[in-house]
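Trainee: My file is upload-v3.tsv. It has TSV, C-alpha atoms:
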```tsv
chain	number	residue	atom	x	y	z
Z	1	MET	CA	-11.97	9.80	-12.85
Z	2	LEU	CA	-8.69	8.73	-14.48
Z	3	ARG	CA	-8.66	11.73	-16.84
Z	4	GLN	CA	-9.25	14.11	-13.94
Z	5	ILE	CA	-6.36	12.71	-11.87
Z	6	TRP	CA	-4.15	12.51	-14.95
Z	7	ASN	CA	-4.77	16.21	-15.51
Z	8	CYS	CA	-3.61	16.77	-11.92
Z	9	TYR	CA	-0.40	14.92	-12.72
Z	10	ARG	CA	0.11	17.09	-15.80
Z	11	GLY	CA	-0.50	20.21	-13.73
Z	12	TRP	CA	2.11	19.28	-11.11
Z	13	ALA	CA	4.54	18.25	-13.85
Z	14	LYS	CA	4.09	21.64	-15.53
Z	15	LEU	CA	4.74	23.40	-12.22
Z	16	ALA	CA	7.91	21.34	-11.79
Z	17	ARG	CA	9.15	22.24	-15.29
Z	18	ASP	CA	8.37	25.94	-14.84
Z	19	THR	CA	10.01	26.25	-11.43
Z	20	GLN	CA	13.05	24.28	-12.58
Z	21	ALA	CA	13.51	26.59	-15.58
Z	22	HIS	CA	13.08	29.63	-13.32
Z	23	ALA	CA	15.65	28.33	-10.84
Z	24	GLN	CA	18.14	27.57	-13.61
Z	25	ARG	CA	17.85	31.14	-14.92
Z	26	TRP	CA	18.53	32.59	-11.46
Z	27	ASN	CA	21.40	30.15	-11.09
Z	28	LEU	CA	23.05	31.19	-14.33
Z	29	VAL	CA	22.65	34.92	-13.66
Z	30	ALA	CA	24.12	34.57	-10.16
Z	31	LEU	CA	27.08	32.53	-11.47
Z	32	VAL	CA	27.91	35.01	-14.23
Z	33	LEU	CA	27.75	37.94	-11.80
Z	34	VAL	CA	29.95	36.25	-9.19
Z	35	CYS	CA	32.58	35.39	-11.81
Z	36	ALA	CA	32.40	38.91	-13.26
Z	37	ALA	CA	32.90	40.40	-9.79
Z	38	ALA	CA	36.05	38.31	-9.34
Z	39	VAL	CA	37.42	39.43	-12.72
Z	40	PHE	CA	36.65	43.10	-12.10
Z	41	GLY	CA	38.20	42.88	-8.65
Z	42	ALA	CA	41.47	41.54	-10.04
Z	43	THR	CA	41.43	44.06	-12.87
Z	44	ALA	CA	41.00	46.96	-10.44
Z	45	SER	CA	44.29	46.12	-8.75
Z	46	ILE	CA	46.42	46.08	-11.91
Z	47	VAL	CA	45.02	48.78	-14.23
Z	48	PRO	CA	45.97	52.49	-14.04
Z	49	ALA	CA	44.26	54.56	-11.34
Z	50	THR	CA	41.89	56.22	-13.83
Z	51	TRP	CA	40.49	52.80	-14.78
Z	52	SER	CA	40.87	51.25	-11.36
Z	53	ILE	CA	37.95	53.25	-9.96
Z	54	TRP	CA	35.64	52.00	-12.70
Z	55	ALA	CA	36.79	48.39	-12.32
Z	56	ALA	CA	36.38	48.51	-8.54
Z	57	SER	CA	32.92	50.00	-8.93
Z	58	ALA	CA	31.97	47.28	-11.41
Z	59	ALA	CA	33.30	44.63	-8.99
Z	60	THR	CA	31.20	46.07	-6.16
Z	61	ILE	CA	28.05	46.26	-8.27
Z	62	THR	CA	28.35	42.77	-9.80
Z	63	SER	CA	29.21	41.29	-6.40
Z	64	ALA	CA	26.13	42.87	-4.83
Z	65	LEU	CA	23.92	41.77	-7.72
Z	66	GLY	CA	25.34	38.25	-7.57
Z	67	ALA	CA	24.55	38.05	-3.86
Z	68	TYR	CA	21.06	39.42	-4.52
Z	69	PHE	CA	20.22	37.00	-7.29
Z	70	GLY	CA	21.70	34.11	-5.32
Z	71	LYS	CA	19.55	35.11	-2.37
Z	72	GLN	CA	16.52	35.32	-4.68
Z	73	LEU	CA	17.17	31.75	-5.78
Z	74	ILE	CA	17.37	30.53	-2.18
Z	75	GLY	CA	14.82	32.86	-0.63
Z	76	ALA	CA	12.18	32.30	-3.30
Z	77	GLY	CA	12.65	28.57	-2.83
Z	78	LYS	CA	12.35	27.77	-6.53
Z	79	GLU	CA	14.77	24.86	-6.29
Z	80	VAL	CA	12.83	23.35	-3.39
Z	81	ASP	CA	9.51	24.02	-5.16
Z	82	TRP	CA	10.74	22.20	-8.25
Z	83	ILE	CA	11.93	19.21	-6.22
Z	84	GLN	CA	8.64	18.96	-4.32
Z	85	ALA	CA	6.43	19.45	-7.40
Z	86	ARG	CA	8.35	16.83	-9.33
Z	87	ALA	CA	7.99	14.30	-6.50
Z	88	VAL	CA	4.22	14.89	-6.31
Z	89	ALA	CA	3.83	14.66	-10.09
Z	90	GLU	CA	5.67	11.35	-10.27
Z	91	GLY	CA	3.72	9.97	-7.32
Z	92	ILE	CA	0.36	10.77	-8.90
Z	93	LYS	CA	1.53	9.49	-12.28
Z	94	SER	CA	2.48	6.16	-10.76
Z	95	GLU	CA	-0.88	5.95	-9.00
Z	96	CYS	CA	-2.67	6.46	-12.33
Z	97	TYR	CA	-0.98	3.40	-13.80
Z	98	ARG	CA	-1.84	1.30	-10.76
Z	99	TYR	CA	-5.47	2.37	-10.97
Z	100	ALA	CA	-5.73	1.71	-14.71
Z	101	ALA	CA	-4.33	-1.81	-14.23
Z	102	ARG	CA	-6.50	-2.39	-11.13
Z	103	CYS	CA	-3.53	-3.70	-9.21
Z	104	GLY	CA	-2.77	-3.55	-5.50
Z	105	PRO	CA	-5.57	-2.01	-3.41
Z	106	TYR	CA	-7.52	-1.12	-6.57
Z	107	ALA	CA	-8.13	-4.82	-7.27
Z	108	LEU	CA	-10.39	-5.07	-4.22
Z	109	GLY	CA	-14.02	-4.03	-4.07
Z	110	SER	CA	-16.16	-2.42	-6.74
Z	111	SER	CA	-15.15	0.08	-9.39
Z	112	VAL	CA	-16.76	2.82	-7.29
Z	113	ASP	CA	-14.63	1.86	-4.29
Z	114	ALA	CA	-11.52	1.85	-6.48
Z	115	ALA	CA	-12.35	5.30	-7.85
Z	116	ARG	CA	-12.87	6.71	-4.36
Z	117	LEU	CA	-9.62	5.21	-3.15
Z	118	PHE	CA	-7.84	6.59	-6.22
Z	119	ALA	CA	-9.12	10.11	-5.57
Z	120	THR	CA	-8.21	9.90	-1.89
Z	121	ARG	CA	-4.73	8.65	-2.63
Z	122	ALA	CA	-4.13	11.39	-5.22
Z	123	ASP	CA	-5.22	14.03	-2.71
Z	124	GLU	CA	-2.86	12.62	-0.08
Z	125	ILE	CA	0.08	12.78	-2.49
Z	126	ALA	CA	-0.77	16.33	-3.62
Z	127	LYS	CA	-1.09	17.44	0.02
Z	128	GLN	CA	2.70	17.18	0.35
Z	129	ALA	CA	2.96	20.17	-2.00
Z	130	THR	CA	-0.20	22.15	-1.22
Z	131	GLU	CA	0.77	22.32	2.46
Z	132	LYS	CA	3.96	24.09	1.36
Z	133	GLY	CA	1.96	26.70	-0.57
Z	134	LEU	CA	2.48	25.27	-4.05
Z	135	VAL	CA	-0.38	25.78	-6.50
Z	136	LEU	CA	-1.36	23.26	-9.15
Z	137	GLN	CA	-0.88	24.57	-12.71
Z	138	ASP	CA	-3.49	24.22	-15.43
Z	139	ASP	CA	-2.35	21.79	-18.13
Z	140	PRO	CA	-5.24	19.51	-19.18
Z	141	VAL	CA	-4.87	16.80	-21.80
Z	142	PRO	CA	-5.14	18.50	-25.22
Z	143	SER	CA	-7.70	17.52	-27.83
Z	144	SER	CA	-4.98	15.55	-29.61
Z	145	GLY	CA	-4.63	13.38	-26.50
Z	146	ASP	CA	-1.68	12.30	-24.37
Z	147	LYS	CA	0.14	9.20	-25.56
Z	148	LEU	CA	1.34	8.46	-22.04
Z	149	GLU	CA	-2.12	8.54	-20.44
Z	150	PRO	CA	-2.98	4.96	-19.42
Z	151	PRO	CA	-6.00	3.37	-21.08
Z	152	ILE	CA	-8.69	1.39	-19.28
Z	153	PRO	CA	-8.46	-1.53	-19.49
Z	154	MET	CA	-4.68	-1.55	-19.40
Z	155	VAL	CA	-2.99	-3.54	-22.16
Z	156	LYS	CA	0.31	-5.18	-21.30
Z	157	ASP	CA	2.07	-4.42	-24.59
Z	158	TRP	CA	1.01	-0.78	-24.33
Z	159	TYR	CA	2.34	-0.54	-20.78
Z	160	LYS	CA	5.69	-2.06	-21.71
Z	161	VAL	CA	6.21	0.42	-24.54
Z	162	SER	CA	4.54	3.59	-23.25
Z	163	ARG	CA	5.56	3.30	-19.63
Z	164	ILE	CA	8.59	1.06	-19.15
Z	165	GLU	CA	10.47	1.73	-22.39
Z	166	ASN	CA	9.57	5.43	-22.24
Z	167	GLN	CA	10.90	5.61	-18.69
Z	168	ILE	CA	14.08	3.80	-19.72
Z	169	GLU	CA	14.61	6.40	-22.43
Z	170	TYR	CA	13.99	9.19	-19.89
Z	171	TYR	CA	16.63	7.84	-17.51
Z	172	LYS	CA	19.07	7.22	-20.36
Z	173	LYS	CA	18.67	10.75	-21.70
Z	174	GLY	CA	18.83	12.28	-18.22
Z	175	ARG	CA	22.00	10.37	-17.38
Z	176	GLN	CA	23.66	11.48	-20.61
Z	177	GLU	CA	22.68	15.13	-20.14
Z	178	ASN	CA	23.95	15.21	-16.56
Z	179	GLN	CA	27.15	13.43	-17.60
Z	180	ARG	CA	27.82	16.02	-20.31
Z	181	ALA	CA	27.13	18.87	-17.89
Z	182	ALA	CA	29.35	17.26	-15.23
Z	183	ASP	CA	32.16	16.82	-17.76
Z	184	ILE	CA	31.93	20.47	-18.81
Z	185	LEU	CA	31.92	21.63	-15.20
Z	186	TRP	CA	34.91	19.42	-14.44
Z	187	TRP	CA	36.94	20.75	-17.37
Z	188	VAL	CA	36.10	24.38	-16.62
Z	189	ALA	CA	37.02	23.92	-12.98
Z	190	ILE	CA	40.26	22.17	-13.97
Z	191	VAL	CA	41.19	24.96	-16.39
Z	192	ALA	CA	40.43	27.60	-13.75
Z	193	GLY	CA	42.50	25.67	-11.20
Z	194	ILE	CA	45.44	25.35	-13.58
Z	195	ALA	CA	45.16	29.05	-14.38
Z	196	ALA	CA	45.35	29.82	-10.66
Z	197	VAL	CA	48.55	27.77	-10.39
Z	198	VAL	CA	50.04	29.48	-13.46
Z	199	PHE	CA	49.21	32.93	-12.14
Z	200	GLY	CA	50.68	31.94	-8.81
Z	201	ALA	CA	53.97	31.05	-10.51
Z	202	LEU	CA	53.92	34.22	-12.58
Z	203	GLY	CA	53.14	36.23	-9.47
Z	204	ALA	CA	56.55	35.39	-8.13
Z	205	TRP	CA	58.07	37.25	-11.08
Z	206	ALA	CA	55.54	40.02	-11.63
Z	207	GLN	CA	53.17	41.31	-8.96
Z	208	ARG	CA	50.47	42.18	-11.48
Z	209	TYR	CA	49.65	38.47	-11.90
Z	210	ALA	CA	49.06	37.79	-8.21
Z	211	PRO	CA	45.45	39.11	-8.03
Z	212	TRP	CA	44.38	36.56	-10.66
Z	213	ILE	CA	45.17	33.67	-8.33
Z	214	GLY	CA	42.16	34.45	-6.15
Z	215	THR	CA	40.04	35.23	-9.23
Z	216	MET	CA	40.61	31.83	-10.82
Z	217	THR	CA	40.08	30.07	-7.50
Z	218	THR	CA	36.80	31.94	-6.98
Z	219	ILE	CA	35.59	31.08	-10.48
Z	220	ALA	CA	36.42	27.38	-10.03
Z	221	ALA	CA	34.64	27.23	-6.66
Z	222	SER	CA	31.62	29.16	-7.97
Z	223	ILE	CA	31.18	26.88	-10.97
Z	224	GLY	CA	31.28	23.84	-8.71
Z	225	ALA	CA	28.69	25.31	-6.35
Z	226	TYR	CA	26.29	26.86	-8.84
Z	227	GLY	CA	26.70	24.00	-11.29
Z	228	LEU	CA	25.47	21.57	-8.61
Z	229	ALA	CA	28.20	19.08	-9.46
Z	230	ASP	CA	27.43	16.88	-6.46
Z	231	ARG	CA	23.75	16.65	-7.43
Z	232	ARG	CA	24.65	15.72	-10.99
Z	233	ARG	CA	26.86	12.88	-9.80
Z	234	TYR	CA	23.99	11.54	-7.72
Z	235	LEU	CA	21.58	11.75	-10.65
Z	236	ILE	CA	24.02	10.03	-13.00
Z	237	ALA	CA	24.33	7.06	-10.63
Z	238	SER	CA	20.61	6.99	-9.81
Z	239	TYR	CA	19.47	7.19	-13.44
Z	240	ALA	CA	21.92	4.48	-14.52
Z	241	ALA	CA	20.67	2.15	-11.77
Z	242	MET	CA	17.01	2.78	-12.64
Z	243	GLN	CA	17.64	2.23	-16.34
Z	244	SER	CA	19.31	-1.09	-15.59
Z	245	SER	CA	16.52	-2.18	-13.22
Z	246	LEU	CA	13.78	-1.39	-15.73
Z	247	GLU	CA	15.63	-3.20	-18.50
Z	248	ARG	CA	15.91	-6.19	-16.18
Z	249	ILE	CA	12.14	-6.14	-15.63
Z	250	LEU	CA	11.58	-6.30	-19.39
Z	251	GLY	CA	14.15	-9.06	-19.73
Z	252	LEU	CA	12.57	-11.18	-17.02
Z	253	ASP	CA	9.12	-10.67	-18.51
Z	254	ALA	CA	10.41	-11.84	-21.89
Z	255	GLU	CA	11.74	-15.05	-20.30
Z	256	ALA	CA	8.78	-15.66	-17.98
Z	257	PRO	CA	5.78	-13.52	-19.01
Z	258	SER	CA	3.75	-12.14	-16.11
Z	259	ASN	CA	0.22	-10.79	-16.06
Z	260	ILE	CA	-0.47	-7.08	-16.37
Z	261	THR	CA	-1.18	-6.50	-12.68
Z	262	ASP	CA	2.06	-8.15	-11.55
Z	263	LEU	CA	4.08	-6.27	-14.15
Z	264	VAL	CA	2.55	-2.92	-13.17
Z	265	SER	CA	3.00	-3.59	-9.46
Z	266	THR	CA	6.66	-4.56	-9.88
Z	267	THR	CA	7.44	-1.58	-12.10
Z	268	GLU	CA	5.56	1.04	-10.11
Z	269	ASP	CA	6.99	-0.24	-6.81
Z	270	LEU	CA	10.47	0.21	-8.28
Z	271	LEU	CA	9.70	3.71	-9.56
Z	272	GLU	CA	8.04	4.68	-6.28
Z	273	SER	CA	11.15	3.61	-4.35
Z	274	GLU	CA	13.26	5.84	-6.61
Z	275	HIS	CA	10.92	8.80	-6.09
Z	276	LYS	CA	10.98	8.36	-2.31
Z	277	ALA	CA	14.78	8.18	-2.28
Z	278	TRP	CA	15.12	11.07	-4.76
Z	279	LEU	CA	13.19	13.64	-2.73
Z	280	PRO	CA	15.29	13.66	0.50
Z	281	GLN	CA	18.54	13.29	-1.46
Z	282	MET	CA	17.79	16.32	-3.63
Z	283	LEU	CA	16.57	18.41	-0.71
Z	284	ALA	CA	19.71	17.53	1.26
Z	285	ARG	CA	21.94	18.57	-1.63
Z	286	GLN	CA	20.00	21.81	-2.02
Z	287	ARG	CA	20.63	22.61	1.65
Z	288	GLN	CA	24.35	21.92	1.16
Z	289	VAL	CA	24.43	24.50	-1.63
Z	290	SER	CA	22.27	27.03	0.23
Z	291	GLN	CA	24.01	27.04	3.61
Z	292	PRO	CA	27.49	28.13	2.46
Z	293	GLN	CA	25.97	30.96	0.41
Z	294	LEU	CA	23.79	32.14	3.26
Z	295	LYS	CA	26.79	32.12	5.61
Z	296	ALA	CA	28.77	34.14	3.10
Z	297	GLU	CA	26.05	36.82	3.01
Z	298	THR	CA	25.76	37.20	6.80
```
Would it be possible to restate this file's structure as structure tokens?
Mentor:
Amino acid sequence: MLRQIWNCYRGWAKLARDTQAHAQRWNLVALVLVCAAAVFGATASIVPATWSIWAASAATITSALGAYFGKQLIGAGKEVDWIQARAVAEGIKSECYRYAARCGPYALGSSVDAARLFATRADEIAKQATEKGLVLQDDPVPSSGDKLEPPIPMVKDWYKVSRIENQIEYYKKGRQENQRAADILWWVAIVAGIAAVVFGALGAWAQRYAPWIGTMTTIAASIGAYGLADRRRYLIASYAAMQSSLERILGLDAEAPSNITDLVSTTEDLLESEHKAWLPQMLARQRQVSQPQLKAET
């Protein structure tokens, strides 16, 4: 039973990875096209008439394509699909560790009762995604095995290394990656903002610089929106807090060792609370990004 449900977790996790990668590609294409449209638009107003037609045409085409690809990202719902699939995957993953340790409701009754409850609970979690039309991907455990798959019976030292320390490393790496991306976005936006100010000053002396004010402003705003800067700030704070909390669990266990069921319950309750908070926060931030773009297209 555990292997079957673990394969379900892997399937939802694969769907989350695939949809996230797909959404990021749409995101990047839309951003490049929007910035290109702004550059071509400014160029069209300052180049000779023979080139102006071509630049204006390029601005129109890239602007239309940028709107189309942005609409594809929102309309196809890949961002939302990724968020939902990731939440389901993490929920089922957490349930697998609880079941393997026989903690919580799985400690009651026979092994058959625990298995039935496990299957029912996994179905309930997956229903959150299947009701939205998401389809589980096929990604069974390979013949070489999965080092994160919980063994039965659960061993405390294994759980501390393969689950808690692995999760700490995940949050640490995720925080660092989002911090680097946020720093890059901040610097690019700052440079674009300074460029807008410079062009504004130059525009007072030479009219040909004036069109670049709006171009730089558009690029800065687009990078902030498509780069999901607000989401990254949330993830940085959330990942840092979770890393600290998990490290505290290991520290407390080193001072006052607990049994495997208590350790699993404490850890999985913490992770479950993060998953439950993560889903509405991410969906809310996705709506904040989607609504301004949809208004701009209407």
Trainee: What is the distance between CA of Tyr99 in chain Z and CA of Leu271 in chain Z, in Å to one decimal?
Mentor: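 Straight-line distance from CA of Tyr99 in chain Z to CA of Leu271 in chain Z works out to 15.3 Å.
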Trainee: Using all atoms listed in the file, can you tell me which of Z:Trp12, Z:Tyr239, Z:Trp26, Z:Trp158 comes closest to Pro140 in chain Z?
Mentor: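 The answer is Z:Trp12, which sits nearest to Pro140 in chain Z.
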Trainee: Which residues are near Phe118 in chain Z? Cut-off 9 Å, all atoms listed in the file, ignore same chain within fewer than 4 positions. Put them as a list in words.
Mentor: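 Here the qualifying residues turn out to be Met1, Leu2, Ile5, Glu95, Cys96, Tyr99, Tyr106, Asp113, Ala114, Ala122 and Asp123 of chain Z.
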Trainee: Let me see the file: selected residues, C-alpha atoms, as a PDB file, keeping the file's coordinate frame.
Mentor:
```pdb
ATOM      1  CA  MET Z   1     -11.970   9.800 -12.850  1.00  0.00           C
ATOM      2  CA  LEU Z   2      -8.690   8.730 -14.480  1.00  0.00           C
ATOM      3  CA  ILE Z   5      -6.360  12.710 -11.870  1.00  0.00           C
ATOM      4  CA  GLU Z  95      -0.880   5.950  -9.000  1.00  0.00           C
ATOM      5  CA  CYS Z  96      -2.670   6.460 -12.330  1.00  0.00           C
ATOM      6  CA  TYR Z  99      -5.470   2.370 -10.970  1.00  0.00           C
ATOM      7  CA  TYR Z 106      -7.520  -1.120  -6.570  1.00  0.00           C
ATOM      8  CA  ASP Z 113     -14.630   1.860  -4.290  1.00  0.00           C
ATOM      9  CA  ALA Z 114     -11.520   1.850  -6.480  1.00  0.00           C
ATOM     10  CA  ALA Z 122      -4.130  11.390  -5.220  1.00  0.00           C
ATOM     11  CA  ASP Z 123      -5.220  14.030  -2.710  1.00  0.00           C
TER      12      ASP Z 123
END
```
Trainee: Find the residues around Thr60 in chain Z up to 9 Å (only C-alpha atoms counted), leave out those fewer than 3 positions away in its own chain, and share them as number ranges by chain.
Mentor: Z: 37, 40-41, 55-57, 63-65
Trainee: Using all atoms listed in the file, which of Z:Ile152, Z:Leu235, Z:Ala119, Z:Ile125 sits nearest Ala89 in chain Z?
Mentor: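 Using all atoms listed in the file, Ala89 in chain Z sits closest to Z:Ile125.
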Trainee: Which polymer residues have any atom within 9 Å of an atom of Tyr9 in chain Z, counting only C-alpha atoms, with same-chain residues fewer than 3 positions away left out, as a list in words?
Mentor: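 Listed by chain and then number, they are Gln4, Ile5, Trp6, Trp12, Ala13, Lys14, Val88, Ala89, Glu90, Gly91, Ile92, Lys93, Cys96 and Asp139 of chain Z.
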Trainee: Would you please work out which residue, of Z:Cys8, Z:Ile236, Z:Ala38, Z:Ala23, is nearest to Ala182 in chain Z when using all atoms listed in the file?
Mentor: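 Distance minimum relative to Ala182 in chain Z lands on Z:Ile236.
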Trainee: What lies within 9 Å of Val264 in chain Z using only C-alpha atoms, ignoring chain neighbours under 3 positions off, as a list in words?
Mentor: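 Final neighbour list, sorted by chain and number: Tyr97, Arg98, Ala101, Cys103, Lys156, Tyr159, Asn259, Ile260, Thr261, Thr267, Glu268 and Asp269 of chain Z.
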Trainee: In terms of the shortest atom-to-atom distance over all atoms listed in the file, which of Z:Val135, Z:Met242, Z:Ala221, Z:Ile168 is closest to Val188 in chain Z?
Mentor: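 Residue with the minimum atom-to-atom distance to Val188 in chain Z: Z:Ala221.
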Trainee: Restricting the calculation to all atoms listed in the file, which member of Z:Ser143, Z:Asn7, Z:Thr120, Z:Ser94 is positioned closest to Leu270 in chain Z?
Mentor: Z:Ser94
Trainee: Given the choices Z:Ala49, Z:Arg248, Z:Gly133, Z:Ile164, which gets closest to Leu148 in chain Z if the distance is worked out from all atoms listed in the file?
Mentor: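 Residue with the minimum atom-to-atom distance to Leu148 in chain Z: Z:Ile164.
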